[in-house]
2 protein chains.
Amino acid sequence: MNYTFSDKVKDMRPSAIREIFKSLSDPTVISFAAGNPSALSFPVEKMKNISEEIFLLRSTEALQYSVTEGYTPLRKQINDRLKERFSIGNDYNETIITTGGQQGIDLTAKVLCNEGDTIICENPSFIGALNAFRSYNTNLVGVELEDDGMNLVKLEAALKTNKNVRFIYIIPTFQNPSGITTSLEKRKAVLALAKRYDTLILEDNPYGELRYAGEEIPTMKSMDTEGRVIYCSSFSKILSAGMRVGFLCGHKDIIQKVVVAKQVNDVHTNIFFQMLASRFIDIYGLDEHIASIKELYKQKCGLMLSQMDEKFNKKIKYTRPEGGLFLWVTMPNVDADELAKVAIANKVAVVPGSTFCPVQGEKSRSFRLNYSTPTNEQIIDGIDKLAKIMVE
Amino acid sequence: MNYTFSDKVKDMRPSAIREIFKSLSDPTVISFAAGNPSALSFPVEKMKNISEEIFLLRSTEALQYSVTEGYTPLRKQINDRLKERFSIGNDYNETIITTGGQQGIDLTAKVLCNEGDTIICENPSFIGALNAFRSYNTNLVGVELEDDGMNLVKLEAALKTNKNVRFIYIIPTFQNPSGITTSLEKRKAVLALAKRYDTLILEDNPYGELRYAGEEIPTMKSMDTEGRVIYCSSFSKILSAGMRVGFLCGHKDIIQKVVVAKQVNDVHTNIFFQMLASRFIDIYGLDEHIASIKELYKQKCGLMLSQMDEKFNKKIKYTRPEGGLFLWVTMPNVDADELAKVAIANKVAVVPGSTFCPVQGEKSRSFRLNYSTPTNEQIIDGIDKLAKIMVE
């Protein structure tokens with residue numbers, strides 16, 4: 001049979017990262033391509049003990065259907081953490097547990113956007129979000145990302161020119177893919193522009209807990225006095241990615257609509273792991289564990305940067321992230337799609353910048369490097385290989 | 001702020017069942033309203049042991065990001081089961097693991113339907129599916145469900161009259177809410193009509209493993225020789241509902257599109273519980289455990305029916321299901337919305353038939369009873385109360 005698909009998805013293809021991810025089954029390939037947390041960051045023994053406790057004491061609750069909003073104690077703990085750690089908290093806000101941060105992004109687009117509506121995002125931006133937005137047939141407009149955040153002139157132009165801008169999608173802290181952190185001034189300016197042009201903001205902050213250098217900068221949600229910012233994050237980078245537990249915090253009117261959309265999407269998120277995350281916070285808190293992850297990534301990021309400082313041609317520019325999982329390399333005049341192909345032939349996997357462009361088919365001279373998953377030896381070896389490729 | 005929502009979701013409200021579910025926090029209410037499996041059906045001790053094993057031996061795989069298609073060994077085991085148990089298996093079929101059967105239904109609608117496209121379904125039908133279809137702004141057309149399946153004349157009329165019928169949604173075995181099983185003749189006829197009017201079929205079979213009386217009837221998917229049937233099911237009623245592990249099986253072209261949609265929806269389903277389900281099948285198989293669930297539900301269904309036979313006014317009709325979780329009561333001339341209100345005032349919760357109507361706002365003289373979750377005492381007491389209410 002021949003099948004026809006909806007206009008929303010008919011042009012969608014598996015993401016480039018995903019295809020690279022598949023080629024990584026070759027164990028001789030050094031991967032800087034992943035977006036994975038380090039396996040060393042999973043608190044296995046503690047999770048194992050909590051898991052036993054849940055099976056022993058609360059198995060029915062953990063294996064039965066549950067409510068769409070999420071496990072109440074965990075929602076409270078998240079609210080406390082958001083307040084204490086990120087100064088987020090207003091009476092009108094609610095929090096829903098989502099199946100990873102990805103579902104929060106997907107459902108935000110679903111409840112807010114008709115087909116053809118515009119979403120403004122950073123260029124480059126997170127491919128998972130861009131593809132979620134595409135899957136609702138929205139109009140994606142990218143705004144150039146500078147070293148301290150979006151170019152404000154271009155952002156205002158985008159807000160002026162495009163009709164039905166439903167929200168600005170932004171990852172202000174340790175951005176994926178660039179590692180860039182938006183400055184306080186630009187956060188305020190983006191918020192002011194959103195207000196002036198009466199649009200919403202979706203602040204995606206999956207890496208915000210992972211700052212290992214520099215000064216804390218307030219979240220955009222913490223500056224939100226009127227319910228304009230929807231805030232999305234997850235436990236993927238601080239407890240486990242495979243368990244798929246994330247959350248979305250925003251004005252209750254919006255969250256209530258997301259609840260309805262989630263109910264028909266997957267009823268609720270795996271309740272066992274919601275309870276596990278909650279017990280983990282109860283017993284151990286998050287600070288000590290997160291401190292150990294930050295120590296690990298700080299070391300790995302520092303090693304990668306020092307290797308690049310030493311070995312890369314000086315014409316090659318790269319970001320110096322203060323947290324998160326990624327850094328971003330820009331070459332003077334090489335198409336990164338081509339570089340990525342040569343790199344994989346040399347057993348190093350990187351993700352070319354074109355992957356992260358809101359407008360598909362755009363060329364890019366940049367590529368993304370991940371330092372959370374490779375070993376120290378792989379970082380040294382892989383950067384060495386990349387340096388040699390980029391000299392040629 | 002005032003928010004505007006997408007046309008897809010702006011009129012969606014939390015489902016009536018969900019609101020009833022919330023009122024059940026009162027422990028003195030006898031609930032026949034749930035769609036839950038019995039907590040006695042969860043193999044807690046076995047799951048606990050497997051969980052320990054996974055944390056000990058394969059924690060990294062179980063806590064890290066995984067592939068969107070799902071855990072490969074589990075997909076193979078599902079394919080084997082579908083072949084052995086339901087005669088399902090063609091070269092062109094693929095299987096994807098979904099976050100509960102609900103996600104399979106949601107994403108099928110997403111990849112196949114534009115706004116305004118038609119989905120034909122049984123009237124009454126599963127509220128979770130109806131609301132998923134509504135969330136893509138599709139046109140829902142219900143076809144009267146008779147004791148042996150859809151009225152074929154009305155089905156053909158619906159296929160003739162409506163443009164862009166993308167698929168027929170059908171729960172042919174122990175239907176939710178009615179408990180009705182579509183006869184072999186009608187299954188063949190529905191398939192023939194789908195072929196004649198060139199539309200697809202989404203066969204939802206979450207209860208198919210739970211037959212405790214009567215003769216097995218082949219799945220519609222087993223009669224599908226051309227990739228016209230998409231088949232959806234889950235482990236919710238046979239292992240655990242809270243773990244949210246389901247699956248979708250269909251032509252690979254369709255499943256590949258669903259993979260892309262799932263990737264942006266939640267990346268993948270909780271991998272720990274995919275592995276747990278797989279190890280459960282490895283070690284114990286499913287047959288013995290399912291046999292014990294069937295024994296339990298057979299007893300409960302039998303008890304409820306015998307109580308109804310004894311106590312209900314003879315003018316009240318009800319189905320006699322051969323499996324599944326539900327039966328369906330039809331009154332001669334009382335609006336079931338009103339009956340449900342009186343029932344809850346008398347501490348018995350039922351779900352009125354209007355909830356399950358494809359066209360919202362329709363009246364119904366029927367209501368759904370669930371027998372998998374109440375205790376024997378609750379069944380006796382609750383049916384007694386309902387009988388008294390319906391006499392008055």
# chains A, B, ... in the order shown; residues from 1 in each chain; ligands from 1
>>> interface_residues(of="chain B", to="chain A", cutoff="6 Å", atoms="only C-alpha atoms", output="PyMOL selection string")
chain B and resi 5-6+9+14+39+48+55+60+63-65+99+102-103+106+111-114+128+132+240-244+260+264-266+270-271
>>> write_last_selection(atoms="C-alpha atoms", output="PDB file, in the first residue's frame")
ATOM      1  CA  PHE B   5      -4.725  28.239  22.811  1.00  0.00           C
ATOM      2  CA  SER B   6      -4.487  26.343  19.560  1.00  0.00           C
ATOM      3  CA  VAL B   9      -7.009  21.965  22.161  1.00  0.00           C
ATOM      4  CA  PRO B  14     -10.340  17.238  31.537  1.00  0.00           C
ATOM      5  CA  ALA B  39      -3.578  -4.368  42.048  1.00  0.00           C
ATOM      6  CA  LYS B  48      11.346  -6.592  42.411  1.00  0.00           C
ATOM      7  CA  PHE B  55      20.557  -2.367  38.822  1.00  0.00           C
ATOM      8  CA  THR B  60      24.102   2.047  32.614  1.00  0.00           C
ATOM      9  CA  LEU B  63      19.453   4.671  33.124  1.00  0.00           C
ATOM     10  CA  GLN B  64      20.974   6.184  29.962  1.00  0.00           C
ATOM     11  CA  TYR B  65      19.203   7.554  26.864  1.00  0.00           C
ATOM     12  CA  THR B  99       4.604   5.087  26.432  1.00  0.00           C
ATOM     13  CA  GLN B 102      -2.308   5.694  24.698  1.00  0.00           C
ATOM     14  CA  GLN B 103       0.784   7.116  22.987  1.00  0.00           C
ATOM     15  CA  ASP B 106      -2.127   9.605  19.886  1.00  0.00           C
ATOM     16  CA  VAL B 111       0.994  11.129  11.653  1.00  0.00           C
ATOM     17  CA  LEU B 112      -2.143  10.299   9.648  1.00  0.00           C
ATOM     18  CA  CYS B 113      -4.567  13.169  10.215  1.00  0.00           C
ATOM     19  CA  ASN B 114      -4.775  16.764   9.170  1.00  0.00           C
ATOM     20  CA  GLY B 128      -8.855   8.316  25.869  1.00  0.00           C
ATOM     21  CA  ALA B 132      -6.572  12.045  21.515  1.00  0.00           C
ATOM     22  CA  SER B 240       1.647  -2.909  35.299  1.00  0.00           C
ATOM     23  CA  ALA B 241      -0.286   0.130  34.112  1.00  0.00           C
ATOM     24  CA  GLY B 242       1.901   2.644  35.958  1.00  0.00           C
ATOM     25  CA  MET B 243       5.054   1.640  34.105  1.00  0.00           C
ATOM     26  CA  ARG B 244       3.559   2.965  30.831  1.00  0.00           C
ATOM     27  CA  VAL B 260       9.923  10.303  14.086  1.00  0.00           C
ATOM     28  CA  VAL B 264      10.116  14.613  19.309  1.00  0.00           C
ATOM     29  CA  ASN B 265       7.380  13.617  21.757  1.00  0.00           C
ATOM     30  CA  ASP B 266       9.361  11.862  24.515  1.00  0.00           C
ATOM     31  CA  ASN B 270      11.306   4.541  30.187  1.00  0.00           C
ATOM     32  CA  ILE B 271      14.029   2.045  29.313  1.00  0.00           C
TER      33      ILE B 271
END
>>> select_by_dssp(residues="region 242-278 of chain B", states="strand (DSSP E)", output="list in words")
Gly246, Phe247, Leu248, Cys249, Gly250 and His251 of chain B
>>> write_last_selection(atoms="C-alpha atoms", output="compact mmCIF listing (two decimals), in the first residue's frame")
# COMPACT_ATOMS: atom_id res chain seq x y z
CA GLY B 246 2.77 -0.26 25.25
CA PHE B 247 3.41 -1.02 21.61
CA LEU B 248 2.20 -0.34 18.09
CA CYS B 249 2.60 -2.78 15.20
CA GLY B 250 2.00 -1.86 11.58
CA HIS B 251 3.47 -1.46 8.14
>>> select_by_dssp(residues="region 268-359 of chain B", states="alpha helix (DSSP H)", output="PyMOL selection string")
chain B and resi 271-284+287-311+336-345
>>> residues_around(residues="region 340-347 of chain A", least_positions_apart="6", cutoff="7 Å", atoms="only C-alpha atoms", output="MDAnalysis selection string")
chainID A and resid 28:30 386
>>> write_last_selection(atoms="C-alpha atoms", output="compact mmCIF listing (two decimals), in the first residue's frame")
# COMPACT_ATOMS: atom_id res chain seq x y z
CA THR A 28 36.37 2.25 17.66
CA VAL A 29 34.58 5.56 17.01
CA ILE A 30 35.28 8.32 19.53
CA LEU A 386 40.12 16.72 14.76
>>> closest_residue(among="B:Ile380, B:Val334, B:Leu191, B:Ile293", to="Arg211 (chain B)", atoms="only C-alpha atoms")
B:Ile293
>>> closest_residue(among="B:Ile97, B:Leu210, B:Ile238, B:Ile230", to="Gly323 (chain B)", atoms="only C-alpha atoms")
B:Leu210
>>> residues_around(residues="Asn376 (chain B)", least_positions_apart="4", cutoff="9 Å", atoms="only C-alpha atoms", output="PyMOL selection string")
chain B and resi 300+303-304+380-381
>>> decode(residues="region 247-288 of chain B", atoms="C-alpha atoms", output="PDB file, in the first residue's frame")
ATOM      1  CA  PHE B 247       3.412  -1.016  21.611  1.00  0.00           C
ATOM      2  CA  LEU B 248       2.204  -0.336  18.093  1.00  0.00           C
ATOM      3  CA  CYS B 249       2.604  -2.779  15.200  1.00  0.00           C
ATOM      4  CA  GLY B 250       1.998  -1.862  11.582  1.00  0.00           C
ATOM      5  CA  HIS B 251       3.472  -1.461   8.139  1.00  0.00           C
ATOM      6  CA  LYS B 252       7.051  -0.246   8.444  1.00  0.00           C
ATOM      7  CA  ASP B 253       6.337   2.930   6.451  1.00  0.00           C
ATOM      8  CA  ILE B 254       3.776   3.956   9.051  1.00  0.00           C
ATOM      9  CA  ILE B 255       5.838   2.868  12.039  1.00  0.00           C
ATOM     10  CA  GLN B 256       8.858   4.779  10.761  1.00  0.00           C
ATOM     11  CA  LYS B 257       6.754   7.938  10.707  1.00  0.00           C
ATOM     12  CA  VAL B 258       5.535   7.173  14.224  1.00  0.00           C
ATOM     13  CA  VAL B 259       9.182   6.775  15.294  1.00  0.00           C
ATOM     14  CA  VAL B 260       9.923  10.303  14.086  1.00  0.00           C
ATOM     15  CA  ALA B 261       6.854  11.644  15.904  1.00  0.00           C
ATOM     16  CA  LYS B 262       7.767   9.774  19.081  1.00  0.00           C
ATOM     17  CA  GLN B 263      11.332  11.027  18.967  1.00  0.00           C
ATOM     18  CA  VAL B 264      10.116  14.613  19.309  1.00  0.00           C
ATOM     19  CA  ASN B 265       7.380  13.617  21.757  1.00  0.00           C
ATOM     20  CA  ASP B 266       9.361  11.862  24.515  1.00  0.00           C
ATOM     21  CA  VAL B 267      12.548  10.520  22.844  1.00  0.00           C
ATOM     22  CA  HIS B 268      11.869   7.012  24.113  1.00  0.00           C
ATOM     23  CA  THR B 269       9.834   5.106  26.704  1.00  0.00           C
ATOM     24  CA  ASN B 270      11.306   4.541  30.187  1.00  0.00           C
ATOM     25  CA  ILE B 271      14.029   2.045  29.313  1.00  0.00           C
ATOM     26  CA  PHE B 272      14.361   0.458  32.756  1.00  0.00           C
ATOM     27  CA  PHE B 273      10.804  -0.871  32.615  1.00  0.00           C
ATOM     28  CA  GLN B 274      11.195  -1.971  28.998  1.00  0.00           C
ATOM     29  CA  MET B 275      14.123  -4.090  30.166  1.00  0.00           C
ATOM     30  CA  LEU B 276      12.155  -5.276  33.172  1.00  0.00           C
ATOM     31  CA  ALA B 277       9.224  -6.422  30.988  1.00  0.00           C
ATOM     32  CA  SER B 278      11.666  -8.165  28.688  1.00  0.00           C
ATOM     33  CA  ARG B 279      13.404 -10.025  31.511  1.00  0.00           C
ATOM     34  CA  PHE B 280      10.039 -10.993  32.968  1.00  0.00           C
ATOM     35  CA  ILE B 281       9.110 -12.651  29.664  1.00  0.00           C
ATOM     36  CA  ASP B 282      12.580 -14.255  29.469  1.00  0.00           C
ATOM     37  CA  ILE B 283      12.381 -15.810  32.891  1.00  0.00           C
ATOM     38  CA  TYR B 284       8.703 -16.493  33.481  1.00  0.00           C
ATOM     39  CA  GLY B 285       6.900 -16.121  30.174  1.00  0.00           C
ATOM     40  CA  LEU B 286       3.479 -14.483  30.193  1.00  0.00           C
ATOM     41  CA  ASP B 287       1.071 -17.414  30.148  1.00  0.00           C
ATOM     42  CA  GLU B 288       1.116 -18.444  33.779  1.00  0.00           C
TER      43      GLU B 288
END
